[in-house]
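Scroll down for the structure; my scribbles are underneath it.
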Amino acid sequence: MKSIITVIAITAGFLPVAAGAQEEEKQAVTISGSATLASDYRFRGVSQSDKEMAIQGGLTVTHESGLYAGVWGSNLSGWGTFGGANMELDLIGGYKASIADNTTLDVGLVWYMYPGGADDSDFAEPYVKLTGATGPATLTAGVAYAPKQYALANVSAAPNSRGQSEDNLYLWSDGAVAIGGTPLTAKAHIGYSDGNPGLGPNGTSVAPTGRYWDWSLGVDATWRNLTLNLSYVDTDISRSDAARLQPNFSKGLDGTGSIADAAVVASVTASF
């Protein structure tokens, strides 16, 4: 899934705080973040940046209890700007807990926002992830279910209708294997979307063809706090299916091609 970011409030007190208490407070909360430059922003296999470069970043605040909150953002273009927004901003909150040796349960919610865009584009999507690790391998299985919301409706089929709402289900699995003696990690992803076919109120959709698969194979190369990723990304959305969604589904809105076809995506991420 995506990087998580959060907004931090700093409160000034009037009473002195003991050094020991300050140390405990520092240990109770951790802050992490990342900044990414990518050759394309692919969300579930579909380009949100019109197959152009994207700048992304996020921050996460995590409490020792397992609670976390964050914010993540990326520029958009093409398919992602039909509502007038040039940016996606995700607000994220959840709870992560260890339920067995090397096994973690993560439950949370993402609120997808499109600042500056038309109304009715934002939507909420709860998720559950289970991650297990053994040796150099890590496997994650997840489910995200967006309950019925107007932003997920097939407005393209009935552009004058109001008040309709639809839902969306996304199932996915991620795998990663560290290659011993190297800074490399091999990665794989497969996902399945099941939702309302067509385009939403501002020309976007989480599952534009109703049901489709997306997948990727790639490798990470890590040096200090920098990670270089190279991945092959694809979907089973055919050109004939994409053609039914034109011009919204074509690069540059020229009425040809598809923003869901195969691509090699490169990115570099700095973590802190």
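We label chains A, B, ... in the order they appear in the structure tokens, count residues from 1 in each chain, and number ligands from 1 in the order shown.
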Give me, as a tab-separated table, the closest atom pair and its distance (Å, one decimal) for every residue of region 66-183 of chain A within a cut-off of 12 Å of region 25-41 of chain A, counting only C-alpha atoms, rows sorted by chain and rising number.
residue	atom	partner	partner_atom	distance
A:Gly66	CA	A:Val29	CA	9.9
A:Leu67	CA	A:Val29	CA	9.8
A:Tyr68	CA	A:Val29	CA	9.3
A:Ala69	CA	A:Ile31	CA	10.0
A:Gly70	CA	A:Gly33	CA	9.3
A:Val71	CA	A:Gly33	CA	9.7
A:Trp72	CA	A:Ser34	CA	9.3
A:Gly73	CA	A:Ala35	CA	9.8
A:Ser74	CA	A:Tyr41	CA	8.1
A:Asn75	CA	A:Tyr41	CA	8.6
A:Leu76	CA	A:Tyr41	CA	8.1
A:Ser77	CA	A:Tyr41	CA	9.7
A:Gly78	CA	A:Tyr41	CA	11.4
A:Trp79	CA	A:Tyr41	CA	11.3
A:Gly80	CA	A:Tyr41	CA	10.3
A:Met87	CA	A:Tyr41	CA	11.7
A:Glu88	CA	A:Tyr41	CA	11.0
Please save C-alpha atoms of the selected residues as a short mmCIF file (atom, residue, chain, number, x, y, z; two decimals), in the first residue's frame.
data_model
loop_
_atom_site.label_atom_id
_atom_site.label_comp_id
_atom_site.auth_asym_id
_atom_site.auth_seq_id
_atom_site.Cartn_x
_atom_site.Cartn_y
_atom_site.Cartn_z
CA GLY A 66 0.05 0.66 18.04
CA LEU A 67 -2.11 3.62 17.08
CA TYR A 68 -0.90 5.68 14.12
CA ALA A 69 -2.01 8.60 11.97
CA GLY A 70 -0.61 10.07 8.82
CA VAL A 71 -0.98 12.01 5.61
CA TRP A 72 0.28 11.22 2.09
CA GLY A 73 0.18 13.29 -1.08
CA SER A 74 0.94 13.14 -4.79
CA ASN A 75 0.49 15.34 -7.83
CA LEU A 76 -2.11 14.22 -10.39
CA SER A 77 -2.77 14.82 -14.06
CA GLY A 78 -4.86 13.43 -16.87
CA TRP A 79 -7.33 10.95 -15.42
CA GLY A 80 -6.79 12.36 -11.93
CA MET A 87 -3.31 16.78 -6.10
CA GLU A 88 -4.36 13.72 -4.12
#
Separation of CA of Tyr232 (chain A) and CA of Ser193 (chain A), in Å?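 According to the coordinates, CA of Tyr232 (chain A) and CA of Ser193 (chain A) are separated by 18.9 Å.
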Expressed in Å to a single decimal, how great is the separation between CA of Pro147 (chain A) and CA of Asn196 (chain A)? 11.7 Å
I want to know what sits within 10 Å of Gly257 (chain A), based on only C-alpha atoms, with residues of the same chain fewer than 2 positions away left out; could you give that as a list of chain:residue names? A:Arg239, A:Ser240, A:Ala242, A:Ala243, A:Gln246, A:Pro247, A:Phe249, A:Ser250, A:Lys251, A:Gly252, A:Leu253, A:Asp254, A:Gly255, A:Ile259, A:Ala260, A:Asp261
Residue selection dump (N, CA and C atoms) as a PDB file, in the first residue's frame:
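The result, stored in selection-v2.pdb:
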ATOM      1  N   ARG A 239      -7.684  -3.162 -24.231  1.00  0.00           N
ATOM      2  CA  ARG A 239      -7.817  -1.904 -24.960  1.00  0.00           C
ATOM      3  C   ARG A 239      -9.268  -1.652 -25.362  1.00  0.00           C
ATOM      4  N   SER A 240     -10.019  -2.730 -25.601  1.00  0.00           N
ATOM      5  CA  SER A 240     -11.432  -2.533 -25.947  1.00  0.00           C
ATOM      6  C   SER A 240     -12.208  -2.027 -24.739  1.00  0.00           C
ATOM      7  N   ALA A 242     -10.843  -0.256 -22.290  1.00  0.00           N
ATOM      8  CA  ALA A 242     -10.378   1.115 -22.103  1.00  0.00           C
ATOM      9  C   ALA A 242     -11.040   2.053 -23.099  1.00  0.00           C
ATOM     10  N   ALA A 243     -11.293   1.549 -24.320  1.00  0.00           N
ATOM     11  CA  ALA A 243     -11.885   2.391 -25.362  1.00  0.00           C
ATOM     12  C   ALA A 243     -13.288   2.856 -24.975  1.00  0.00           C
ATOM     13  N   GLN A 246     -13.060   6.163 -23.076  1.00  0.00           N
ATOM     14  CA  GLN A 246     -12.366   7.290 -23.687  1.00  0.00           C
ATOM     15  C   GLN A 246     -13.288   8.517 -23.772  1.00  0.00           C
ATOM     16  N   PRO A 247     -12.725   9.730 -23.769  1.00  0.00           N
ATOM     17  CA  PRO A 247     -11.281   9.996 -23.744  1.00  0.00           C
ATOM     18  C   PRO A 247     -10.674   9.999 -22.356  1.00  0.00           C
ATOM     19  N   PHE A 249      -9.811   7.795 -20.372  1.00  0.00           N
ATOM     20  CA  PHE A 249      -8.889   6.725 -20.027  1.00  0.00           C
ATOM     21  C   PHE A 249      -7.665   6.701 -20.924  1.00  0.00           C
ATOM     22  N   SER A 250      -7.418   7.766 -21.664  1.00  0.00           N
ATOM     23  CA  SER A 250      -6.283   7.785 -22.585  1.00  0.00           C
ATOM     24  C   SER A 250      -5.252   8.799 -22.133  1.00  0.00           C
ATOM     25  N   LYS A 251      -4.011   8.542 -22.469  1.00  0.00           N
ATOM     26  CA  LYS A 251      -2.942   9.478 -22.138  1.00  0.00           C
ATOM     27  C   LYS A 251      -3.161  10.782 -22.892  1.00  0.00           C
ATOM     28  N   GLY A 252      -3.125  11.883 -22.156  1.00  0.00           N
ATOM     29  CA  GLY A 252      -3.272  13.185 -22.766  1.00  0.00           C
ATOM     30  C   GLY A 252      -4.683  13.499 -23.232  1.00  0.00           C
ATOM     31  N   LEU A 253      -5.648  12.647 -22.887  1.00  0.00           N
ATOM     32  CA  LEU A 253      -7.046  12.844 -23.281  1.00  0.00           C
ATOM     33  C   LEU A 253      -7.177  13.002 -24.800  1.00  0.00           C
ATOM     34  N   ASP A 254      -6.343  12.271 -25.555  1.00  0.00           N
ATOM     35  CA  ASP A 254      -6.391  12.379 -27.005  1.00  0.00           C
ATOM     36  C   ASP A 254      -7.325  11.346 -27.629  1.00  0.00           C
ATOM     37  N   GLY A 255      -7.974  10.553 -26.781  1.00  0.00           N
ATOM     38  CA  GLY A 255      -8.934   9.585 -27.295  1.00  0.00           C
ATOM     39  C   GLY A 255      -8.325   8.294 -27.775  1.00  0.00           C
ATOM     40  N   ILE A 259      -4.322   4.232 -20.111  1.00  0.00           N
ATOM     41  CA  ILE A 259      -3.465   4.506 -18.957  1.00  0.00           C
ATOM     42  C   ILE A 259      -3.418   3.306 -18.013  1.00  0.00           C
ATOM     43  N   ALA A 260      -3.907   2.138 -18.501  1.00  0.00           N
ATOM     44  CA  ALA A 260      -3.876   0.926 -17.689  1.00  0.00           C
ATOM     45  C   ALA A 260      -3.070  -0.180 -18.347  1.00  0.00           C
ATOM     46  N   ASP A 261      -2.294   0.133 -19.390  1.00  0.00           N
ATOM     47  CA  ASP A 261      -1.510  -0.905 -20.033  1.00  0.00           C
ATOM     48  C   ASP A 261      -0.170  -1.072 -19.330  1.00  0.00           C
TER      49      ASP A 261
END
Contact residues around region 92-103 of chain A with only C-alpha atoms at 12 Å, ignoring same-chain residues under 4 positions, as a ChimeraX atom specification: /A:1-7,58-73,107-113,124-141
Using only C-alpha atoms, pick whichever of A:Pro201, A:Gly175, A:Gly195, A:Gly181 has the shortest atom-to-atom distance to Gly218 (chain A).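 Once distances to Gly218 (chain A) are computed over only C-alpha atoms, the minimum belongs to A:Gly175.
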Could you jot down the CA of Asp174 (chain A) to CA of Ser258 (chain A) separation for me, Å, one decimal place? 25.0 Å
